[in-house]
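So this block is start33.pdb, PDB, C-alpha atoms:
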```
ATOM      1  CA  MET A   1    -118.712-153.972  87.396  1.00  0.00           C
ATOM      2  CA  ALA A   2    -118.606-154.406  83.641  1.00  0.00           C
ATOM      3  CA  THR A   3    -117.084-157.543  82.167  1.00  0.00           C
ATOM      4  CA  GLY A   4    -113.826-157.603  80.244  1.00  0.00           C
ATOM      5  CA  ARG A   5    -115.732-158.000  76.990  1.00  0.00           C
ATOM      6  CA  THR A   6    -117.898-154.961  77.746  1.00  0.00           C
ATOM      7  CA  HIS A   7    -114.787-152.879  78.415  1.00  0.00           C
ATOM      8  CA  ASP A   8    -113.243-154.049  75.141  1.00  0.00           C
ATOM      9  CA  ILE A   9    -116.352-153.154  73.125  1.00  0.00           C
ATOM     10  CA  VAL A  10    -116.868-149.749  74.768  1.00  0.00           C
ATOM     11  CA  ASN A  11    -113.193-148.794  74.496  1.00  0.00           C
ATOM     12  CA  LEU A  12    -112.934-149.871  70.853  1.00  0.00           C
ATOM     13  CA  SER A  13    -116.179-148.046  70.029  1.00  0.00           C
ATOM     14  CA  PHE A  14    -114.790-144.840  71.518  1.00  0.00           C
ATOM     15  CA  LEU A  15    -111.452-145.009  69.665  1.00  0.00           C
ATOM     16  CA  PRO A  16    -112.633-143.514  66.326  1.00  0.00           C
ATOM     17  CA  VAL A  17    -114.363-140.657  68.170  1.00  0.00           C
ATOM     18  CA  ALA A  18    -111.209-139.944  70.176  1.00  0.00           C
ATOM     19  CA  VAL A  19    -109.005-139.957  67.073  1.00  0.00           C
ATOM     20  CA  TYR A  20    -111.416-137.696  65.187  1.00  0.00           C
ATOM     21  CA  TYR A  21    -111.774-135.071  67.911  1.00  0.00           C
ATOM     22  CA  LEU A  22    -108.295-135.164  69.463  1.00  0.00           C
ATOM     23  CA  GLN A  23    -106.366-135.343  66.186  1.00  0.00           C
ATOM     24  CA  PRO A  24    -103.208-136.618  67.909  1.00  0.00           C
ATOM     25  CA  GLU A  25     -99.791-135.400  66.819  1.00  0.00           C
ATOM     26  CA  SER A  26     -98.664-138.993  66.331  1.00  0.00           C
ATOM     27  CA  PHE A  27    -101.584-141.049  65.055  1.00  0.00           C
ATOM     28  CA  SER A  28     -99.746-144.371  65.415  1.00  0.00           C
ATOM     29  CA  GLY A  29     -98.510-143.478  68.919  1.00  0.00           C
ATOM     30  CA  PHE A  30    -101.995-142.559  70.115  1.00  0.00           C
ATOM     31  CA  ILE A  31    -103.638-145.681  68.678  1.00  0.00           C
ATOM     32  CA  SER A  32    -100.844-147.895  70.040  1.00  0.00           C
ATOM     33  CA  GLY A  33    -101.216-146.402  73.511  1.00  0.00           C
ATOM     34  CA  TYR A  34    -104.992-146.631  73.375  1.00  0.00           C
ATOM     35  CA  LEU A  35    -104.910-150.310  72.341  1.00  0.00           C
ATOM     36  CA  VAL A  36    -102.302-151.158  74.990  1.00  0.00           C
ATOM     37  CA  GLY A  37    -104.479-149.308  77.522  1.00  0.00           C
ATOM     38  CA  THR A  38    -107.552-151.218  76.375  1.00  0.00           C
ATOM     39  CA  PHE A  39    -106.116-154.723  76.244  1.00  0.00           C
ATOM     40  CA  LEU A  40    -102.945-154.975  78.371  1.00  0.00           C
ATOM     41  CA  ILE A  41    -102.456-152.159  80.908  1.00  0.00           C
ATOM     42  CA  THR A  42    -105.890-151.493  82.371  1.00  0.00           C
ATOM     43  CA  PRO A  43    -107.339-150.618  85.773  1.00  0.00           C
ATOM     44  CA  ASP A  44    -108.172-154.336  86.115  1.00  0.00           C
ATOM     45  CA  ASN A  45    -104.515-155.391  86.291  1.00  0.00           C
ATOM     46  CA  ASP A  46    -105.032-155.436  90.058  1.00  0.00           C
ATOM     47  CA  ILE A  47    -107.074-158.659  89.674  1.00  0.00           C
ATOM     48  CA  TYR A  48    -104.711-161.552  88.907  1.00  0.00           C
ATOM     49  CA  HIS A  49    -107.281-163.599  86.978  1.00  0.00           C
ATOM     50  CA  SER A  50    -108.616-160.643  84.981  1.00  0.00           C
ATOM     51  CA  LYS A  51    -108.866-160.758  81.212  1.00  0.00           C
ATOM     52  CA  PRO A  52    -106.089-158.151  80.710  1.00  0.00           C
ATOM     53  CA  ASN A  53    -103.696-160.178  82.874  1.00  0.00           C
ATOM     54  CA  ARG A  54    -104.550-163.395  81.006  1.00  0.00           C
ATOM     55  CA  ARG A  55    -103.622-161.609  77.774  1.00  0.00           C
ATOM     56  CA  TRP A  56    -100.048-161.337  79.026  1.00  0.00           C
ATOM     57  CA  LYS A  57     -99.861-165.151  78.628  1.00  0.00           C
ATOM     58  CA  PHE A  58     -96.477-166.387  79.931  1.00  0.00           C
ATOM     59  CA  PHE A  59     -95.599-162.925  81.340  1.00  0.00           C
ATOM     60  CA  ARG A  60     -98.731-162.797  83.477  1.00  0.00           C
ATOM     61  CA  PHE A  61     -96.583-163.572  86.522  1.00  0.00           C
ATOM     62  CA  LEU A  62     -95.233-160.003  86.260  1.00  0.00           C
ATOM     63  CA  TRP A  63     -98.583-158.728  87.556  1.00  0.00           C
ATOM     64  CA  TYR A  64     -98.803-161.043  90.576  1.00  0.00           C
ATOM     65  CA  PRO A  65     -96.935-158.707  92.971  1.00  0.00           C
ATOM     66  CA  TYR A  66     -99.036-155.786  91.687  1.00  0.00           C
ATOM     67  CA  THR A  67    -102.240-157.635  92.635  1.00  0.00           C
ATOM     68  CA  LYS A  68    -100.890-158.116  96.152  1.00  0.00           C
ATOM     69  CA  LEU A  69     -99.763-154.483  96.509  1.00  0.00           C
ATOM     70  CA  PHE A  70    -102.961-152.810  95.282  1.00  0.00           C
ATOM     71  CA  SER A  71    -106.593-153.640  96.007  1.00  0.00           C
ATOM     72  CA  HIS A  72    -109.199-153.678  93.259  1.00  0.00           C
ATOM     73  CA  ARG A  73    -110.746-150.322  92.449  1.00  0.00           C
ATOM     74  CA  GLY A  74    -108.080-148.607  94.490  1.00  0.00           C
ATOM     75  CA  VAL A  75    -105.161-146.708  92.966  1.00  0.00           C
ATOM     76  CA  SER A  76    -105.606-148.547  89.654  1.00  0.00           C
ATOM     77  CA  HIS A  77    -108.935-146.839  89.127  1.00  0.00           C
ATOM     78  CA  LEU A  78    -107.642-143.291  89.555  1.00  0.00           C
ATOM     79  CA  PRO A  79    -107.414-141.558  86.183  1.00  0.00           C
ATOM     80  CA  ILE A  80    -103.883-140.630  85.094  1.00  0.00           C
ATOM     81  CA  ILE A  81    -102.355-141.654  88.440  1.00  0.00           C
ATOM     82  CA  GLY A  82    -103.326-145.291  87.891  1.00  0.00           C
ATOM     83  CA  SER A  83    -101.700-145.397  84.460  1.00  0.00           C
ATOM     84  CA  PHE A  84     -98.462-143.902  85.685  1.00  0.00           C
ATOM     85  CA  ILE A  85     -98.312-146.171  88.732  1.00  0.00           C
ATOM     86  CA  LYS A  86     -98.714-149.198  86.462  1.00  0.00           C
ATOM     87  CA  LEU A  87     -96.024-147.871  84.102  1.00  0.00           C
ATOM     88  CA  ILE A  88     -93.651-147.189  87.009  1.00  0.00           C
ATOM     89  CA  TYR A  89     -94.393-150.658  88.402  1.00  0.00           C
ATOM     90  CA  LEU A  90     -93.607-152.264  85.035  1.00  0.00           C
ATOM     91  CA  PHE A  91     -90.450-150.170  84.703  1.00  0.00           C
ATOM     92  CA  ILE A  92     -89.228-151.315  88.128  1.00  0.00           C
ATOM     93  CA  VAL A  93     -90.055-154.984  87.507  1.00  0.00           C
ATOM     94  CA  LEU A  94     -88.465-154.966  84.054  1.00  0.00           C
ATOM     95  CA  SER A  95     -85.423-153.091  85.386  1.00  0.00           C
ATOM     96  CA  ILE A  96     -84.900-155.771  88.029  1.00  0.00           C
ATOM     97  CA  PHE A  97     -85.276-158.455  85.360  1.00  0.00           C
ATOM     98  CA  ALA A  98     -82.878-156.630  83.001  1.00  0.00           C
ATOM     99  CA  THR A  99     -80.317-156.164  85.787  1.00  0.00           C
ATOM    100  CA  PHE A 100     -80.493-159.875  86.496  1.00  0.00           C
ATOM    101  CA  LEU A 101     -79.965-160.726  82.804  1.00  0.00           C
ATOM    102  CA  ILE A 102     -77.117-158.223  82.441  1.00  0.00           C
ATOM    103  CA  SER A 103     -75.424-159.706  85.510  1.00  0.00           C
ATOM    104  CA  ILE A 104     -75.697-163.208  84.070  1.00  0.00           C
ATOM    105  CA  MET A 105     -74.351-162.035  80.690  1.00  0.00           C
ATOM    106  CA  HIS A 106     -71.430-160.322  82.408  1.00  0.00           C
ATOM    107  CA  PHE A 107     -70.659-163.278  84.669  1.00  0.00           C
ATOM    108  CA  PHE A 108     -70.772-166.001  82.005  1.00  0.00           C
ATOM    109  CA  TRP A 109     -69.738-164.193  78.832  1.00  0.00           C
ATOM    110  CA  GLY A 110     -67.956-161.086  80.065  1.00  0.00           C
ATOM    111  CA  VAL A 111     -70.387-158.843  78.195  1.00  0.00           C
ATOM    112  CA  SER A 112     -70.266-155.298  79.597  1.00  0.00           C
ATOM    113  CA  VAL A 113     -73.608-153.660  78.892  1.00  0.00           C
ATOM    114  CA  MET A 114     -73.393-151.242  81.807  1.00  0.00           C
ATOM    115  CA  GLU A 115     -70.576-149.216  80.210  1.00  0.00           C
ATOM    116  CA  ASN A 116     -72.862-148.412  77.257  1.00  0.00           C
ATOM    117  CA  LEU A 117     -75.779-147.525  79.517  1.00  0.00           C
ATOM    118  CA  LYS A 118     -73.660-145.094  81.548  1.00  0.00           C
ATOM    119  CA  ASN A 119     -73.121-142.981  78.428  1.00  0.00           C
ATOM    120  CA  ILE A 120     -76.830-142.178  78.130  1.00  0.00           C
ATOM    121  CA  GLY A 121     -77.311-138.584  79.259  1.00  0.00           C
ATOM    122  CA  LYS A 122     -80.238-136.442  80.306  1.00  0.00           C
ATOM    123  CA  GLU A 123     -80.551-135.039  76.784  1.00  0.00           C
ATOM    124  CA  GLU A 124     -81.231-138.494  75.322  1.00  0.00           C
ATOM    125  CA  ILE A 125     -83.773-139.310  78.021  1.00  0.00           C
ATOM    126  CA  PHE A 126     -85.630-136.007  77.536  1.00  0.00           C
ATOM    127  CA  TYR A 127     -85.558-136.523  73.765  1.00  0.00           C
ATOM    128  CA  ILE A 128     -87.271-139.881  74.216  1.00  0.00           C
ATOM    129  CA  ILE A 129     -89.844-138.498  76.672  1.00  0.00           C
ATOM    130  CA  LYS A 130     -90.657-135.466  74.480  1.00  0.00           C
ATOM    131  CA  ASN A 131     -90.930-137.571  71.329  1.00  0.00           C
ATOM    132  CA  PRO A 132     -94.397-137.044  69.718  1.00  0.00           C
ATOM    133  CA  PHE A 133     -94.911-140.817  69.512  1.00  0.00           C
ATOM    134  CA  VAL A 134     -94.259-141.259  73.246  1.00  0.00           C
ATOM    135  CA  VAL A 135     -96.461-138.310  74.229  1.00  0.00           C
ATOM    136  CA  SER A 136     -99.303-139.535  72.000  1.00  0.00           C
ATOM    137  CA  PHE A 137     -98.831-143.085  73.317  1.00  0.00           C
ATOM    138  CA  LEU A 138     -99.200-141.879  76.913  1.00  0.00           C
ATOM    139  CA  ILE A 139    -102.276-139.802  76.048  1.00  0.00           C
ATOM    140  CA  GLY A 140    -103.842-142.843  74.354  1.00  0.00           C
ATOM    141  CA  LEU A 141    -103.012-145.045  77.335  1.00  0.00           C
ATOM    142  CA  VAL A 142    -104.549-142.592  79.812  1.00  0.00           C
ATOM    143  CA  LEU A 143    -107.650-142.018  77.673  1.00  0.00           C
ATOM    144  CA  ALA A 144    -108.277-145.775  77.434  1.00  0.00           C
ATOM    145  CA  GLU A 145    -108.057-145.918  81.226  1.00  0.00           C
ATOM    146  CA  ILE A 146    -110.504-143.022  81.621  1.00  0.00           C
ATOM    147  CA  VAL A 147    -113.011-144.694  79.274  1.00  0.00           C
ATOM    148  CA  HIS A 148    -112.624-147.920  81.295  1.00  0.00           C
ATOM    149  CA  ILE A 149    -113.319-146.101  84.575  1.00  0.00           C
ATOM    150  CA  ILE A 150    -116.315-144.221  83.154  1.00  0.00           C
ATOM    151  CA  THR A 151    -117.699-147.542  81.874  1.00  0.00           C
ATOM    152  CA  ASP A 152    -117.359-149.023  85.374  1.00  0.00           C
ATOM    153  CA  VAL A 153    -119.135-146.050  86.967  1.00  0.00           C
ATOM    154  CA  VAL A 154    -121.985-146.013  84.417  1.00  0.00           C
ATOM    155  CA  TYR A 155    -122.416-149.795  84.533  1.00  0.00           C
ATOM    156  CA  SER A 156    -122.486-149.826  88.370  1.00  0.00           C
ATOM    157  CA  SER A 157    -124.975-146.919  88.435  1.00  0.00           C
ATOM    158  CA  ILE A 158    -127.305-148.654  86.003  1.00  0.00           C
ATOM    159  CA  LYS A 159    -127.160-151.866  88.059  1.00  0.00           C
ATOM    160  CA  LYS A 160    -128.085-149.907  91.230  1.00  0.00           C
ATOM    161  CA  VAL A 161    -131.036-148.219  89.516  1.00  0.00           C
ATOM    162  CA  LEU A 162    -132.359-151.513  88.147  1.00  0.00           C
ATOM    163  CA  ARG A 163    -132.280-153.221  91.574  1.00  0.00           C
TER     164      ARG A 163
END
```
Mind turning the file's structure into structure tokens?
Amino acid sequence: MATGRTHDIVNLSFLPVAVYYLQPESFSGFISGYLVGTFLITPDNDIYHSKPNRRWKFFRFLWYPYTKLFSHRGVSHLPIIGSFIKLIYLFIVLSIFATFLISIMHFFWGVSVMENLKNIGKEEIFYIIKNPFVVSFLIGLVLAEIVHIITDVVYSSIKKVLR
């Protein structure tokens, strides 16, 4: 298995090639997604002491349940599926955290955030999902994951041949 530094170098080396050939609709969205996929949300989030998890600093604890739910090189290393499972996991964890904060705000200060959230309709959600920045971000995130997985496969194959 390649080290975290090797993944960083390979992924960053591939970024200009990807931007040149893919010509994303939203350049900033694609690069943002690719960098997040290279440094923060990677297939190695299933190892608690991995370099990507250490980069989360104080928020590293968010990944602890994920490391217990998924084994290394399992679902996390499936292209596309792995990215979306990690995004869904983060959405669920952050939703629980947000619900907790909203409840505290309502209890202590009488702030009613839920009334505003109920007014969000399907049109607004689809607008956000179809936004060129969001689409390009997701493509960048998935491509960074694919490059990571290919690096693992190539690195492991070379190690087997050299033994």
Which residues of stretch 46-147 of chain A sit at most 12 Å from stretch 151-163 of chain A, using all atoms listed in the file? Give each one's shortest atom pair and distance in Å (one decimal place), in chain and ascending residue order, as JSON lines.
```
{"residue": "A:Arg73", "atom": "CA", "partner": "A:Asp152", "partner_atom": "CA", "distance": 9.8}
{"residue": "A:His77", "atom": "CA", "partner": "A:Asp152", "partner_atom": "CA", "distance": 9.5}
{"residue": "A:Ala144", "atom": "CA", "partner": "A:Thr151", "partner_atom": "CA", "distance": 10.6}
{"residue": "A:Glu145", "atom": "CA", "partner": "A:Thr151", "partner_atom": "CA", "distance": 9.8}
{"residue": "A:Ile146", "atom": "CA", "partner": "A:Thr151", "partner_atom": "CA", "distance": 8.5}
{"residue": "A:Val147", "atom": "CA", "partner": "A:Thr151", "partner_atom": "CA", "distance": 6.1}
```
For the file shown, what are the residues hit by the PyMOL selection byres ((chain A and resi 26) around 7), laid out as a list of chain:residue names?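 Evaluating the PyMOL selection byres ((chain A and resi 26) around 7) on these coordinates yields A:Pro24, A:Glu25, A:Phe27, A:Ser28, A:Gly29, A:Phe30, A:Pro132, A:Phe133, A:Ser136.
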Mind telling me what the PyMOL selection byres ((chain A and resi 43) around 6) catches here, as a VMD selection string? chain A and resid 42 44 to 45 76 to 77
Could you spell out the hits of the PyMOL selection byres ((chain A and resi 66) around 12) on the shown file, as a PyMOL selection string? chain A and resi 41+43-48+53+60-65+67-72+74-76+82+85-90+92-93
For atom CA of A:Pro79 and atom CA of A:Ile129, quote the distance in Å rounded to one decimal.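 Computing it gives 20.2 Å between the two atoms.
From atom CA of A:Leu40 back to atom CA of A:Phe137, the distance works out to 13.6 Å.
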So the first atom is atom CA of A:Lys51 and the second is atom CA of A:Asn11; what is the distance between them in Å, to one decimal place?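 About the pair atom CA of A:Lys51 and atom CA of A:Asn11: they are 14.4 Å apart.
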Nearest residue to A:Ile149 from the set A:Gly37, A:Val135, A:Val17, A:Ile128 (distances using only C-alpha atoms): A:Gly37
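The nearest approach to A:Gly33 among the residues A:Phe108, A:Ser13, A:Leu143, A:Ile125, with only C-alpha atoms taken into account, belongs to A:Leu143.
Nearest residue to A:Leu78 among A:Ile150, A:Gly140, A:Val19, A:Gly4 is A:Ile150, counting only C-alpha atoms.
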